[in-house]
Amino acid sequence: MQGPVIRDVDVRSVIVKSNLPVCDYSANPYAGCTHGCMYCYASFMKRFTGHREPWGSFLDIKHWKPIANPEKYCGKEIFIGSVTDPYNPEEEQSRRTRALLEELAGSGAKLSIATKSDLILRDIDIIRTFPDARVSWSVNTLDEEFRKDMDKAVPIERRLEAMRIFHESGIRTTCFISPIFPGITDAEAIIERTKDISNLIWLENLNLRGSFKADVMGYISRRHPELLPLYEDIYKNGSNEYWAGLDRALEEYAGKIGLDYIRNDDTINRRFDEPAVIVNYFYHEKIRKNAKDHRGQGCNDPPPS
């Protein structure tokens, strides 16, 4: 089987201003991603790369000039991995994410890192030096066969083990249950597995749009034909009934296990040793950046207790 197309590219800067509600800046040390997730929302980035290969089969390794005055990011939240996985398999050799962390070390920047990999364990030494850093792993199933159908990232158990190690090391962790596949993803089972090794549990629904909509609907038709009427009701007829019902069920479940359940709010700030919080992002398209600037802490201020 032919491997992914890999090339080196020079870029002016790897850190850019972001409109995402969860950060001030985003940084993506790569363009493209070799995990090949069937449902990847970032596939729209292909049109900016000049690649003709299918999304998931190419990767551009970015090279940038050294960051001038990294202290300007003090107190700012930088999200690493908004449209790529910064710990894709090629990172083991290219070390571009590691290089970015080394340039930002000591700057006072706050980091959020999203990944599907346990390669991030390599960098736990430097990540723990950043104030209030947090790392999220995408886990939308505990069924390894379904995972294999969806992506080429590391097995779920390896993601959960990396989450546990980070959490036990005192670094804030997030279990990102995304995307939730109607009738397939068992969100309650994932919450049960991760509630003691994560600070946040995010819930995000499967949004089907763009080129991968046909791929996912075709997969459901072939592998889960019993669910096809449900998917057509949601993704062709525009029904919200399934998500509204799941929202109510998960809120009730959270109450039973003693966890707070909130919607579309990433500003919650609790002590590390407090129970995990479940955050429902089913309606994330309606989110607006919260004016409450819990990220505006001064560089010389102590971290929140």
# chains A, B, ... in the order shown; residues from 1 in each chain; ligands from 1
$ select_by_dssp --residues "stretch 52-292 of chain A" --states "helix (DSSP H, G or I)" --output "MDAnalysis selection string"
chainID A and resid 70:73 91:94 96:104 119:127 144:150 156:168 187:194 212:223 225:235 241:256 284:286
$ residues_around --residues "stretch 271-276 of chain A" --least-positions-apart "6" --cutoff "10 Å" --atoms "only C-alpha atoms" --output "ChimeraX atom specification"
/A:132,167,170-175,191,194-201,258-261,304-305
$ residues_around --residues "A:Gly3" --least-positions-apart "4" --cutoff "10 Å" --atoms "only C-alpha atoms" --output "short mmCIF file (atom, residue, chain, number, x, y, z; two decimals) with all heavy atoms, in the first residue's frame"
data_model
loop_
_atom_site.label_atom_id
_atom_site.label_comp_id
_atom_site.auth_asym_id
_atom_site.auth_seq_id
_atom_site.Cartn_x
_atom_site.Cartn_y
_atom_site.Cartn_z
N THR A 34 -2.48 12.50 8.65
CA THR A 34 -2.45 11.14 8.13
C THR A 34 -3.30 10.16 8.94
O THR A 34 -3.24 8.95 8.70
CB THR A 34 -0.99 10.63 8.07
OG1 THR A 34 -0.38 10.77 9.35
CG2 THR A 34 -0.20 11.42 7.03
N SER A 57 -4.35 11.54 3.13
CA SER A 57 -3.26 10.82 2.46
C SER A 57 -2.06 11.71 2.18
O SER A 57 -1.16 11.31 1.46
CB SER A 57 -3.76 10.22 1.14
OG SER A 57 -4.10 11.24 0.21
N PHE A 58 -2.05 12.92 2.77
CA PHE A 58 -0.89 13.80 2.59
C PHE A 58 -0.64 14.58 3.87
O PHE A 58 -1.52 14.74 4.72
CB PHE A 58 -1.11 14.77 1.41
CG PHE A 58 -2.20 15.78 1.63
CD1 PHE A 58 -1.96 16.97 2.31
CD2 PHE A 58 -3.48 15.54 1.16
CE1 PHE A 58 -2.97 17.90 2.51
CE2 PHE A 58 -4.50 16.47 1.36
CZ PHE A 58 -4.24 17.66 2.03
#
$ atom_distance --atom1 "atom CA of A:Arg209" --atom2 "atom CA of A:Pro179"
13.0 Å
$ select_by_dssp --residues "stretch 52-267 of chain A" --states "strand (DSSP E)" --output "ChimeraX atom specification"
/A:58-64,77-80,110-115,134-138,172-180,200-205,260-263
$ atom_distance --atom1 "atom CA of A:Leu230" --atom2 "atom CA of A:Leu208"
13.6 Å
$ closest_residue --among "A:Leu59, A:Met217, A:Leu119, A:Val16" --to "A:Ala31" --atoms "only C-alpha atoms"
A:Leu59
$ residues_around --residues "A:Met150" --least-positions-apart "6" --cutoff "8 Å" --atoms "only C-alpha atoms" --output "VMD selection string"
chain A and resid 36 to 39
$ residues_around --residues "stretch 101-108 of chain A" --least-positions-apart "6" --cutoff "9 Å" --atoms "only C-alpha atoms" --output "mmCIF file with all heavy atoms, in the first residue's frame"
data_model
loop_
_atom_site.group_PDB
_atom_site.id
_atom_site.type_symbol
_atom_site.label_atom_id
_atom_site.label_comp_id
_atom_site.auth_asym_id
_atom_site.auth_seq_id
_atom_site.Cartn_x
_atom_site.Cartn_y
_atom_site.Cartn_z
ATOM 1 N N PRO A 66 12.219 31.306 13.764
ATOM 2 C CA PRO A 66 12.063 31.303 15.226
ATOM 3 C C PRO A 66 11.086 32.388 15.677
ATOM 4 O O PRO A 66 11.067 33.500 15.133
ATOM 5 C CB PRO A 66 13.480 31.578 15.728
ATOM 6 C CG PRO A 66 14.358 31.059 14.642
ATOM 7 C CD PRO A 66 13.632 31.349 13.349
ATOM 8 N N ILE A 67 10.265 32.052 16.646
ATOM 9 C CA ILE A 67 9.259 32.996 17.136
ATOM 10 C C ILE A 67 9.951 34.186 17.793
ATOM 11 O O ILE A 67 10.731 34.021 18.740
ATOM 12 C CB ILE A 67 8.311 32.318 18.133
ATOM 13 C CG1 ILE A 67 7.564 31.168 17.443
ATOM 14 C CG2 ILE A 67 7.326 33.315 18.730
ATOM 15 C CD1 ILE A 67 6.747 30.311 18.394
ATOM 16 N N ASN A 69 10.084 37.260 20.175
ATOM 17 C CA ASN A 69 9.434 37.725 21.387
ATOM 18 C C ASN A 69 8.258 36.826 21.789
ATOM 19 O O ASN A 69 7.103 37.257 21.824
ATOM 20 C CB ASN A 69 8.932 39.166 21.204
ATOM 21 C CG ASN A 69 8.373 39.758 22.492
ATOM 22 O OD1 ASN A 69 8.754 39.339 23.584
ATOM 23 N ND2 ASN A 69 7.472 40.704 22.356
ATOM 24 N N PRO A 70 8.508 35.569 22.122
ATOM 25 C CA PRO A 70 7.410 34.671 22.522
ATOM 26 C C PRO A 70 6.651 35.155 23.751
ATOM 27 O O PRO A 70 5.503 34.756 23.964
ATOM 28 C CB PRO A 70 8.126 33.345 22.785
ATOM 29 C CG PRO A 70 9.560 33.677 22.983
ATOM 30 C CD PRO A 70 9.817 34.889 22.153
ATOM 31 N N GLU A 71 7.266 36.062 24.537
ATOM 32 C CA GLU A 71 6.582 36.575 25.741
ATOM 33 C C GLU A 71 5.327 37.367 25.396
ATOM 34 O O GLU A 71 4.488 37.613 26.274
ATOM 35 C CB GLU A 71 7.540 37.445 26.554
ATOM 36 C CG GLU A 71 8.662 36.680 27.251
ATOM 37 C CD GLU A 71 9.757 36.225 26.300
ATOM 38 O OE1 GLU A 71 9.830 36.789 25.172
ATOM 39 O OE2 GLU A 71 10.526 35.323 26.666
ATOM 40 N N LYS A 72 5.174 37.754 24.128
ATOM 41 C CA LYS A 72 3.950 38.488 23.760
ATOM 42 C C LYS A 72 2.709 37.608 23.897
ATOM 43 O O LYS A 72 1.582 38.117 23.899
ATOM 44 C CB LYS A 72 4.067 39.033 22.348
ATOM 45 C CG LYS A 72 4.080 37.981 21.254
ATOM 46 C CD LYS A 72 4.274 38.622 19.886
ATOM 47 C CE LYS A 72 4.337 37.583 18.781
ATOM 48 N NZ LYS A 72 4.566 38.214 17.459
ATOM 49 N N TYR A 73 2.919 36.310 23.996
ATOM 50 C CA TYR A 73 1.794 35.398 24.164
ATOM 51 C C TYR A 73 1.489 35.107 25.635
ATOM 52 O O TYR A 73 0.634 34.265 25.934
ATOM 53 C CB TYR A 73 2.074 34.092 23.430
ATOM 54 C CG TYR A 73 2.259 34.270 21.945
ATOM 55 C CD1 TYR A 73 3.501 34.068 21.344
ATOM 56 C CD2 TYR A 73 1.198 34.667 21.137
ATOM 57 C CE1 TYR A 73 3.678 34.235 19.978
ATOM 58 C CE2 TYR A 73 1.369 34.843 19.773
ATOM 59 C CZ TYR A 73 2.612 34.631 19.207
ATOM 60 O OH TYR A 73 2.781 34.822 17.841
ATOM 61 N N CYS A 74 2.154 35.805 26.523
ATOM 62 C CA CYS A 74 1.928 35.591 27.947
ATOM 63 C C CYS A 74 0.453 35.806 28.298
ATOM 64 O O CYS A 74 -0.149 36.826 27.953
ATOM 65 C CB CYS A 74 2.800 36.559 28.749
ATOM 66 S SG CYS A 74 2.581 36.395 30.526
ATOM 67 N N GLY A 75 -0.132 34.844 28.966
ATOM 68 C CA GLY A 75 -1.530 34.940 29.371
ATOM 69 C C GLY A 75 -2.521 34.635 28.272
ATOM 70 O O GLY A 75 -3.722 34.582 28.527
ATOM 71 N N LYS A 76 -2.047 34.426 27.061
ATOM 72 C CA LYS A 76 -2.921 34.106 25.931
ATOM 73 C C LYS A 76 -3.026 32.592 25.774
ATOM 74 O O LYS A 76 -2.080 31.862 26.015
ATOM 75 C CB LYS A 76 -2.392 34.719 24.640
ATOM 76 C CG LYS A 76 -2.217 36.226 24.688
ATOM 77 C CD LYS A 76 -3.544 36.934 24.911
ATOM 78 C CE LYS A 76 -3.370 38.442 24.873
ATOM 79 N NZ LYS A 76 -4.666 39.149 25.106
ATOM 80 N N ASP A 123 6.325 14.400 25.321
ATOM 81 C CA ASP A 123 6.518 15.817 25.628
ATOM 82 C C ASP A 123 5.916 16.231 26.966
ATOM 83 O O ASP A 123 5.780 17.421 27.246
ATOM 84 C CB ASP A 123 5.914 16.679 24.516
ATOM 85 C CG ASP A 123 6.653 16.523 23.199
ATOM 86 O OD1 ASP A 123 7.809 16.080 23.219
ATOM 87 O OD2 ASP A 123 6.062 16.841 22.144
ATOM 88 N N ILE A 126 7.844 18.950 29.061
ATOM 89 C CA ILE A 126 7.778 20.371 28.736
ATOM 90 C C ILE A 126 6.357 20.912 28.862
ATOM 91 O O ILE A 126 6.154 22.066 29.255
ATOM 92 C CB ILE A 126 8.362 20.627 27.325
ATOM 93 C CG1 ILE A 126 8.574 22.132 27.100
ATOM 94 C CG2 ILE A 126 7.501 20.020 26.242
ATOM 95 C CD1 ILE A 126 9.386 22.437 25.860
ATOM 96 N N ILE A 127 5.352 20.081 28.573
ATOM 97 C CA ILE A 127 3.965 20.541 28.668
ATOM 98 C C ILE A 127 3.620 20.917 30.109
ATOM 99 O O ILE A 127 2.910 21.897 30.349
ATOM 100 C CB ILE A 127 2.999 19.471 28.127
ATOM 101 C CG1 ILE A 127 3.184 19.317 26.613
ATOM 102 C CG2 ILE A 127 1.542 19.826 28.442
ATOM 103 C CD1 ILE A 127 2.443 18.136 26.016
ATOM 104 N N THR A 129 5.305 22.394 32.185
ATOM 105 C CA THR A 129 5.887 23.679 32.589
ATOM 106 C C THR A 129 5.012 24.858 32.206
ATOM 107 O O THR A 129 5.258 25.980 32.665
ATOM 108 C CB THR A 129 7.287 23.870 31.967
ATOM 109 O OG1 THR A 129 7.164 24.055 30.538
ATOM 110 C CG2 THR A 129 8.187 22.688 32.253
ATOM 111 N N PHE A 130 4.002 24.641 31.361
ATOM 112 C CA PHE A 130 3.131 25.730 30.935
ATOM 113 C C PHE A 130 2.021 25.931 31.959
ATOM 114 O O PHE A 130 1.490 24.960 32.509
ATOM 115 C CB PHE A 130 2.525 25.438 29.561
ATOM 116 C CG PHE A 130 3.486 25.591 28.419
ATOM 117 C CD1 PHE A 130 4.349 24.563 28.088
ATOM 118 C CD2 PHE A 130 3.539 26.772 27.702
ATOM 119 C CE1 PHE A 130 5.250 24.701 27.041
ATOM 120 C CE2 PHE A 130 4.433 26.927 26.653
ATOM 121 C CZ PHE A 130 5.298 25.891 26.323
ATOM 122 N N PRO A 131 1.631 27.181 32.219
ATOM 123 C CA PRO A 131 0.595 27.447 33.218
ATOM 124 C C PRO A 131 -0.767 26.928 32.783
ATOM 125 O O PRO A 131 -1.250 27.265 31.704
ATOM 126 C CB PRO A 131 0.594 28.984 33.330
ATOM 127 C CG PRO A 131 1.154 29.466 32.028
ATOM 128 C CD PRO A 131 2.150 28.430 31.600
ATOM 129 N N GLY A 298 -2.721 37.754 34.541
ATOM 130 C CA GLY A 298 -1.422 38.350 34.306
ATOM 131 C C GLY A 298 -0.306 37.339 34.426
ATOM 132 O O GLY A 298 -0.418 36.325 35.112
ATOM 133 N N CYS A 299 0.823 37.646 33.751
ATOM 134 C CA CYS A 299 1.908 36.665 33.691
ATOM 135 C C CYS A 299 2.546 36.432 35.044
ATOM 136 O O CYS A 299 3.127 35.377 35.289
ATOM 137 C CB CYS A 299 2.983 37.175 32.726
ATOM 138 S SG CYS A 299 2.357 37.346 31.053
ATOM 139 N N ASN A 300 2.452 37.391 35.940
ATOM 140 C CA ASN A 300 3.090 37.247 37.245
ATOM 141 C C ASN A 300 2.102 36.869 38.345
ATOM 142 O O ASN A 300 2.465 36.785 39.505
ATOM 143 C CB ASN A 300 3.812 38.531 37.629
ATOM 144 C CG ASN A 300 4.935 38.858 36.666
ATOM 145 O OD1 ASN A 300 5.690 37.978 36.277
ATOM 146 N ND2 ASN A 300 5.046 40.121 36.269
#
$ closest_residue --among "A:Phe181, A:Tyr242, A:Tyr41, A:Tyr219" --to "A:Gly56" --atoms "only C-alpha atoms"
A:Tyr41
$ closest_residue --among "A:Glu226, A:Asp125, A:Glu251, A:Asp10" --to "A:Asn280" --atoms "only C-alpha atoms"
A:Glu251
$ residues_around --residues "A:Val154" --least-positions-apart "6" --cutoff "9 Å" --atoms "only C-alpha atoms" --output "list in words"
His35, Lys116, Ser117 and Asp118 of chain A
$ residues_around --residues "stretch 21-26 of chain A" --least-positions-apart "3" --cutoff "6 Å" --atoms "only C-alpha atoms" --output "short mmCIF file (atom, residue, chain, number, x, y, z; two decimals) with N, CA, C and O atoms, in the first residue's frame"
data_model
loop_
_atom_site.label_atom_id
_atom_site.label_comp_id
_atom_site.auth_asym_id
_atom_site.auth_seq_id
_atom_site.Cartn_x
_atom_site.Cartn_y
_atom_site.Cartn_z
N ILE A 15 1.81 30.44 14.31
CA ILE A 15 0.80 30.88 15.27
C ILE A 15 -0.03 31.99 14.64
O ILE A 15 0.53 32.99 14.16
N VAL A 16 -1.34 31.83 14.60
CA VAL A 16 -2.22 32.82 13.98
C VAL A 16 -3.37 33.17 14.93
O VAL A 16 -3.77 32.35 15.77
N LYS A 17 -3.90 34.35 14.79
CA LYS A 17 -5.08 34.75 15.56
C LYS A 17 -6.23 33.82 15.24
O LYS A 17 -6.39 33.35 14.11
N SER A 18 -7.04 33.54 16.25
CA SER A 18 -8.12 32.57 16.07
C SER A 18 -9.47 33.19 16.42
O SER A 18 -9.58 34.01 17.33
N GLU A 77 -4.19 32.15 25.33
CA GLU A 77 -4.40 30.72 25.12
C GLU A 77 -4.09 30.36 23.68
O GLU A 77 -4.66 30.94 22.74
N ILE A 78 -3.19 29.41 23.50
CA ILE A 78 -2.83 28.93 22.17
C ILE A 78 -3.32 27.50 22.04
O ILE A 78 -2.97 26.63 22.83
N PHE A 79 -4.14 27.27 21.03
CA PHE A 79 -4.71 25.95 20.78
C PHE A 79 -3.87 25.27 19.69
O PHE A 79 -3.85 25.71 18.54
N ILE A 80 -3.18 24.21 20.06
CA ILE A 80 -2.34 23.48 19.12
C ILE A 80 -3.11 22.27 18.61
O ILE A 80 -3.45 21.37 19.37
N LYS A 289 -17.91 34.05 21.57
CA LYS A 289 -16.81 34.14 22.52
C LYS A 289 -17.30 34.83 23.78
O LYS A 289 -17.85 35.93 23.73
#
$ atom_distance --atom1 "atom CA of A:Lys152" --atom2 "atom CA of A:Ile180"
17.8 Å
$ closest_residue --among "A:Asn264, A:Ser13, A:Thr185, A:Asn240" --to "A:Glu144" --atoms "only C-alpha atoms"
A:Thr185
$ closest_residue --among "A:His224, A:Cys40, A:Gln93, A:Ala68" --to "A:Phe146" --atoms "only C-alpha atoms"
A:His224
$ decode --residues "stretch 244-258 of chain A" --atoms "all heavy atoms" --output "tab-separated table (two decimals), in the first residue's frame"
chain	number	residue	atom	x	y	z
A	244	ALA	N	-31.90	16.26	21.01
A	244	ALA	CA	-32.62	16.78	22.18
A	244	ALA	C	-32.85	15.67	23.20
A	244	ALA	O	-32.68	15.87	24.41
A	244	ALA	CB	-33.94	17.41	21.75
A	245	GLY	N	-33.20	14.48	22.72
A	245	GLY	CA	-33.41	13.37	23.62
A	245	GLY	C	-32.12	12.91	24.28
A	245	GLY	O	-32.10	12.60	25.48
A	246	LEU	N	-31.03	12.88	23.52
A	246	LEU	CA	-29.75	12.48	24.08
A	246	LEU	C	-29.27	13.50	25.09
A	246	LEU	O	-28.69	13.14	26.14
A	246	LEU	CB	-28.72	12.31	22.97
A	246	LEU	CG	-27.35	11.79	23.40
A	246	LEU	CD1	-27.45	10.42	24.07
A	246	LEU	CD2	-26.40	11.72	22.20
A	247	ASP	N	-29.50	14.75	24.81
A	247	ASP	CA	-29.14	15.82	25.75
A	247	ASP	C	-29.83	15.60	27.09
A	247	ASP	O	-29.20	15.63	28.15
A	247	ASP	CB	-29.56	17.17	25.13
A	247	ASP	CG	-29.21	18.36	26.00
A	247	ASP	OD1	-28.34	18.23	26.89
A	247	ASP	OD2	-29.80	19.44	25.79
A	248	ARG	N	-31.12	15.34	27.06
A	248	ARG	CA	-31.86	15.10	28.31
A	248	ARG	C	-31.36	13.86	29.02
A	248	ARG	O	-31.19	13.86	30.26
A	248	ARG	CB	-33.36	14.97	28.00
A	248	ARG	CG	-34.03	16.25	27.51
A	248	ARG	CD	-35.55	16.10	27.48
A	248	ARG	NE	-35.98	15.06	26.55
A	248	ARG	CZ	-36.28	15.28	25.27
A	248	ARG	NH1	-36.18	16.52	24.77
A	248	ARG	NH2	-36.67	14.29	24.48
A	249	ALA	N	-31.10	12.80	28.27
A	249	ALA	CA	-30.65	11.54	28.88
A	249	ALA	C	-29.28	11.69	29.54
A	249	ALA	O	-29.05	11.18	30.64
A	249	ALA	CB	-30.61	10.44	27.82
A	250	LEU	N	-28.38	12.42	28.88
A	250	LEU	CA	-27.04	12.59	29.44
A	250	LEU	C	-27.04	13.54	30.63
A	250	LEU	O	-26.27	13.36	31.58
A	250	LEU	CB	-26.08	13.08	28.36
A	250	LEU	CG	-25.76	12.05	27.27
A	250	LEU	CD1	-24.89	12.67	26.19
A	250	LEU	CD2	-25.08	10.81	27.87
A	251	GLU	N	-27.92	14.52	30.61
A	251	GLU	CA	-28.04	15.40	31.77
A	251	GLU	C	-28.54	14.60	32.98
A	251	GLU	O	-28.04	14.78	34.10
A	251	GLU	CB	-28.98	16.57	31.48
A	251	GLU	CG	-29.10	17.54	32.62
A	251	GLU	CD	-29.95	18.76	32.27
A	251	GLU	OE1	-30.86	18.62	31.43
A	251	GLU	OE2	-29.70	19.84	32.84
A	252	GLU	N	-29.51	13.73	32.74
A	252	GLU	CA	-30.01	12.88	33.83
A	252	GLU	C	-28.92	11.94	34.33
A	252	GLU	O	-28.76	11.74	35.54
A	252	GLU	CB	-31.22	12.08	33.34
A	252	GLU	CG	-31.83	11.18	34.40
A	252	GLU	CD	-33.04	10.41	33.88
A	252	GLU	OE1	-33.48	10.68	32.75
A	252	GLU	OE2	-33.52	9.52	34.62
A	253	TYR	N	-28.17	11.36	33.41
A	253	TYR	CA	-27.09	10.45	33.80
A	253	TYR	C	-26.03	11.18	34.61
A	253	TYR	O	-25.54	10.67	35.62
A	253	TYR	CB	-26.46	9.85	32.54
A	253	TYR	CG	-25.23	9.02	32.81
A	253	TYR	CD1	-25.32	7.78	33.44
A	253	TYR	CD2	-23.97	9.47	32.44
A	253	TYR	CE1	-24.19	7.01	33.69
A	253	TYR	CE2	-22.83	8.73	32.69
A	253	TYR	CZ	-22.94	7.50	33.32
A	253	TYR	OH	-21.82	6.75	33.58
A	254	ALA	N	-25.68	12.40	34.18
A	254	ALA	CA	-24.69	13.18	34.92
A	254	ALA	C	-25.14	13.41	36.36
A	254	ALA	O	-24.35	13.33	37.30
A	254	ALA	CB	-24.44	14.51	34.21
A	255	GLY	N	-26.43	13.70	36.53
A	255	GLY	CA	-26.96	13.90	37.87
A	255	GLY	C	-26.84	12.64	38.72
A	255	GLY	O	-26.53	12.72	39.92
A	256	LYS	N	-27.07	11.49	38.11
A	256	LYS	CA	-27.00	10.24	38.85
A	256	LYS	C	-25.59	9.94	39.35
A	256	LYS	O	-25.41	9.35	40.43
A	256	LYS	CB	-27.49	9.09	37.98
A	256	LYS	CG	-28.99	9.09	37.72
A	256	LYS	CD	-29.37	7.90	36.85
A	256	LYS	CE	-30.88	7.89	36.59
A	256	LYS	NZ	-31.27	6.75	35.70
A	257	ILE	N	-24.57	10.34	38.57
A	257	ILE	CA	-23.19	10.02	38.97
A	257	ILE	C	-22.51	11.22	39.64
A	257	ILE	O	-21.31	11.19	39.92
A	257	ILE	CB	-22.35	9.54	37.77
A	257	ILE	CG1	-22.25	10.62	36.69
A	257	ILE	CG2	-22.93	8.25	37.21
A	257	ILE	CD1	-21.34	10.21	35.53
A	258	GLY	N	-23.28	12.29	39.87
A	258	GLY	CA	-22.78	13.41	40.65
A	258	GLY	C	-21.88	14.39	39.91
A	258	GLY	O	-21.05	15.06	40.53
